[in-house]
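Accompanying notes for the structure given below.
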Amino acid sequence: VIPNNELDNDGDGFSICEGDCDDTNSATNPVATELCDGIDNNCDGQIDEGITDVFYADSDGDGYGDSNNSIEACDAPPGFVSDNTDCDDTNSSIYPSALELCDGIDNNCDGQIDEGVTTTYFADSDGDGFGDMNNTMEACDIPPGYVTDNSDCDDTNNSVFPGAPELCDGLDNDCDGLIPNEEIDNDSDGFTECEGDCDDNNATVYPDAIELCDELDNNCNGQIDEGASTIFYADTDGDGFGDLNNSVEGCTAPPGYVPNSYDCDDNNSNIYPSAPELCDGIDNDCDGIIPDIEIDSDGDGFTECEGDCDDNNPSINPAISEICDGIDNNCDGQIDEGVTDVFYADSDGDGFGNATQSIEACDAPPGYVSDNSDCDDTDNTIYPGAPELCDGIDNNCDGFIQEPIVDDLENQNVEYQFVLPPITGEHLSGNEAYYTLPGGNGSIYYPNEIIEYTNFPSYPVTLYIYDSYGSNCDSEESFELIITLPLECTSLNNPIDGEINVFIDSDLFWYEVPRATGYNISIGTSSGGIELENNLDVGNSLFYEFIEDLPHDTTIYVTIVPYNEDGLAEGCFEESFTTERIPRPPRFFTPNNDGHNDRWVIPNRFNTIKTVYIYDRFGKLLTEIENLEVGWDGTFNNNPMPGNDYWYTVLYKNGESLNGHFALKR
């Protein structure tokens, strides 16, 4: 038996076990098209899926549905419509396209309330019946505090509105856009014309202002300059002080007038209060008094201020000639000037006066003379014409002492030569000189002359400094002179200073120095070094033999100092030379027959090498060199060897050997 669920009872190609959800209806199976019929035609477990329509409740029956109340169905159920634009489904007068009414409701569902059907009202905050165009409200009826007018220009002040009377308050009361000129404070003095400012273009003019003397009614009381003018006095002489008897009244001083009346003579610019008193016999400072010094008391034509130094004596004034009477006759501050004689103190009574001690008088006082030529007024043996004595004094006052005193000179010990210094002393004659014998005898030498070492056979010598006037007054000093010839330094002559590649078995030789009796030698391997020899005295020998060979490639420093019985030579310099490098086989040679480096030759100055073997780089023996002076010419069996590295073995006579390599270059 085939189970029923495997049978296709409705002949639609599907059994129940193959997904047919109604095997009695051939229009129902898994591949059937879903129809809007309240049946699951395609057997997917859903009914009418994807083919129904959405319908919206229309509770108020105005033909417009509520978008928040919907149902899906094949056809619109009762009370449902396909529209969903009703904004109030409880009121049949509210729907899209309904007429908007001014009722505070959105009748036409456009999201606006009463649009296009309200009236604009304007706030009247100050209650003057005129509204503020910037403060509005849309309404169906006029709200409290609002009006239909919008022409108020200040809705905070009920005295400001169109047609209002203008007040003296600086405001546009009638809203015509103008403030009356009489309400504007044009000069910023705090008062307008309507407030009583009688000149609103002048800041010094306003009610209760201080009255100034400016020909204006400053305080607006109808009077000009009341109580503000000044009295000015004529200053005819221009001295800054006015005449009490000549005045005018005004705001400012007219030309030639001043605000004081203190001048006691307005015709003289030298006369005014506190003016300096002049020597003119006038009361210049207006104190009512003429000073005594301007009055000629003795009637000689001169006052005290005019130079009369005694206004009680008519014979004394500036015009009087001076006479020798001990009085200042001509009032020049001097007594007997130009009419006295000069007398000089003669303290030693020799009849000759001291020029530095004088007095002016009409007659010579006691102890004074008219002569002033004494050169020492404390000694009566000293005066012009006195006999000259050999006492170191200018006895006859001629300014010249013929009694020389030469200065001493220390003993001199010099080298090569001696320059005689200038002779110093007192009262020298100008003929002073150096002599080889006392008393101005022997050979004579003058200052700045040069005495050479060879001028005298031996040293020391005694020289005498001598001067004399030939009047048994002379002076002499002596000193010893020693002149020596210092030794010269020597220098190396083998090897010479600066020489290089000096053989390590060399000795030192140097030049002989005249008058040297010996030489000290110092030798080192650094400048100033003494490790090889330290100031060795080699006597009068002119060479030095090193005890052992010098080190290779080393700079040797040598200082040689000659000496004799007078001492060591001074300023001798250090010399140096550099020894040869350690002999090494050449590192290459170029056998190209150009006469330069054509053979490979090993240095053998000390004849220590027995023989040399040459190998190629494979170890093949190419030649044995016994004639070391000839070396190798770079051939094998008379055939040139190619450019390459070659090896050598050096056998020494002491059994040692040396291996290495060198290059042959062509």
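For the structure tokens, the naming scheme is as follows: chains receive sequential letters (A, B, ...) according to their order of presentation, residues are indexed from 1 within each chain, and ligands are indexed from 1 in presentation order.
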
* To do: Determine, counting only C-alpha atoms, which protein, DNA and RNA residues have an atom within 10 Å of an atom of A:Ile179; residues of the same chain fewer than 4 positions away are not included. Present the result as a list in words.
  => Glu166, Leu167, Cys168, Asp169, Gly170, Leu171, Asp172, Asn173, Asp174, Cys175, Glu183 and Ile184 of chain A

Store the residues picked out above, limited to C-alpha atoms, as a PDB file, in the first residue's frame.
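Output file out_4.pdb follows:
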ATOM      1  CA  GLU A 166       6.918 118.408  21.097  1.00  0.00           C
ATOM      2  CA  LEU A 167       8.302 118.744  24.642  1.00  0.00           C
ATOM      3  CA  CYS A 168      11.639 120.264  25.693  1.00  0.00           C
ATOM      4  CA  ASP A 169      13.105 116.831  26.385  1.00  0.00           C
ATOM      5  CA  GLY A 170      15.474 116.223  23.463  1.00  0.00           C
ATOM      6  CA  LEU A 171      13.135 113.539  22.011  1.00  0.00           C
ATOM      7  CA  ASP A 172      11.257 113.197  18.726  1.00  0.00           C
ATOM      8  CA  ASN A 173       7.852 113.345  20.482  1.00  0.00           C
ATOM      9  CA  ASP A 174       5.723 113.487  17.311  1.00  0.00           C
ATOM     10  CA  CYS A 175       7.609 110.689  15.522  1.00  0.00           C
ATOM     11  CA  GLU A 183      16.048 120.800  22.076  1.00  0.00           C
ATOM     12  CA  ILE A 184      19.605 119.975  20.903  1.00  0.00           C
TER      13      ILE A 184
END

* Asked: Contacts of stretch 646-651 of chain A at 7 Å or less, counting only C-alpha atoms, minus same-chain residues fewer than 4 places along, as a list in words?
  -> Ile609, Lys610, Thr611, Val612, Tyr613, Ile614, Tyr615, Asp616, Arg617, Gly655, Glu656, Ser657, Leu658, Asn659, Gly660, His661, Phe662 and Ala663 of chain A

* What does the distance from atom CA of A:Ile523 to atom CA of A:Pro583 come to in Å, to one decimal? ->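 Straight-line distance from atom CA of A:Ile523 to atom CA of A:Pro583 works out to 24.4 Å.
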
DSSP helix (DSSP H, G or I) selection over stretch 6-136 of chain A, as a PDB file with N, CA and C atoms, in the first residue's frame:
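Ended up saving to part.pdb:
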ATOM      1  N   GLU A   6       1.922  10.145   0.211  1.00  0.00           N
ATOM      2  CA  GLU A   6       2.823  10.083  -0.927  1.00  0.00           C
ATOM      3  C   GLU A   6       2.041  10.125  -2.225  1.00  0.00           C
ATOM      4  N   ILE A  16       1.544  15.247  -0.401  1.00  0.00           N
ATOM      5  CA  ILE A  16       1.661  15.937   0.895  1.00  0.00           C
ATOM      6  C   ILE A  16       3.095  15.894   1.384  1.00  0.00           C
ATOM      7  N   CYS A  17       3.766  14.720   1.203  1.00  0.00           N
ATOM      8  CA  CYS A  17       5.151  14.630   1.704  1.00  0.00           C
ATOM      9  C   CYS A  17       6.086  15.457   0.857  1.00  0.00           C
ATOM     10  N   GLU A  18       5.632  15.893  -0.306  1.00  0.00           N
ATOM     11  CA  GLU A  18       6.460  16.750  -1.143  1.00  0.00           C
ATOM     12  C   GLU A  18       6.108  18.218  -0.928  1.00  0.00           C
TER      13      GLU A  18
END

* **Residues near A:Asp300, cut-off 8 Å, only C-alpha atoms, skip fewer than 3 positions along chain, as a PyMOL selection string** => chain A and resi 296+314-315+317

For the selection just defined, write its residues with N, CA and C atoms to a file, as a CSV table (one decimal), in the first residue's frame.
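This went into part_25.csv:
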chain,number,residue,atom,x,y,z
A,296,ASP,N,77.2,164.3,45.5
A,296,ASP,CA,78.6,164.8,45.6
A,296,ASP,C,78.8,165.7,46.8
A,314,PRO,N,87.9,167.2,48.6
A,314,PRO,CA,87.8,167.6,47.1
A,314,PRO,C,89.1,167.4,46.4
A,315,SER,N,90.2,167.1,47.1
A,315,SER,CA,91.5,166.9,46.4
A,315,SER,C,91.7,165.4,46.0
A,317,ASN,N,89.8,162.4,43.9
A,317,ASN,CA,88.8,162.0,43.0
A,317,ASN,C,89.5,161.3,41.8

* For A:Phe122, list every protein, DNA or RNA residue within 12 Å, evaluated using only C-alpha atoms, and leave out those in the same chain fewer than 5 positions away; present the list as a list of chain:residue names. =>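 Final neighbour list, sorted by chain and number: A:Gly127, A:Gly129, A:Phe130, A:Gly131, A:Asp132, A:Met133, A:Asn134, A:Asn135, A:Thr136, A:Met137, A:Glu138, A:Ala139, A:Ile142, A:Pro143, A:Pro144, A:Gly145, A:Tyr146, A:Val147, A:Thr148, A:Asp149, A:Asn150, A:Ser151, A:Asp152, A:Asp155.
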
* For stretch 566-582 of chain A, list every protein, DNA or RNA residue within 9 Å, evaluated using only C-alpha atoms, and leave out those in the same chain fewer than 6 positions away; present the list as a PyMOL selection string. => chain A and resi 484-492+495-504+516+519+527-528+550-560

* **Residues within 9 Å of A:Asn157, only C-alpha atoms, excluding chain neighbours under 2 positions, as a list in words** =>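 Once the nearby chain positions are removed, what remains is Ser125, Asp126, Gly127, Asp128, Asp154, Asp155, Ser159, Val160 and Phe161 of chain A.
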
Take the residues just selected and output them with C-alpha atoms as a short mmCIF file (atom, residue, chain, number, x, y, z; two decimals), in the first residue's frame.
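Listing of result14.cif after writing:
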data_model
loop_
_atom_site.label_atom_id
_atom_site.label_comp_id
_atom_site.auth_asym_id
_atom_site.auth_seq_id
_atom_site.Cartn_x
_atom_site.Cartn_y
_atom_site.Cartn_z
CA SER A 125 3.34 98.81 25.55
CA ASP A 126 3.01 102.46 26.62
CA GLY A 127 -0.78 102.57 26.06
CA ASP A 128 -0.72 105.64 23.85
CA ASP A 154 9.10 104.74 20.90
CA ASP A 155 6.62 102.29 22.47
CA SER A 159 4.59 111.02 25.36
CA VAL A 160 6.08 109.87 22.06
CA PHE A 161 3.63 108.98 19.26
#
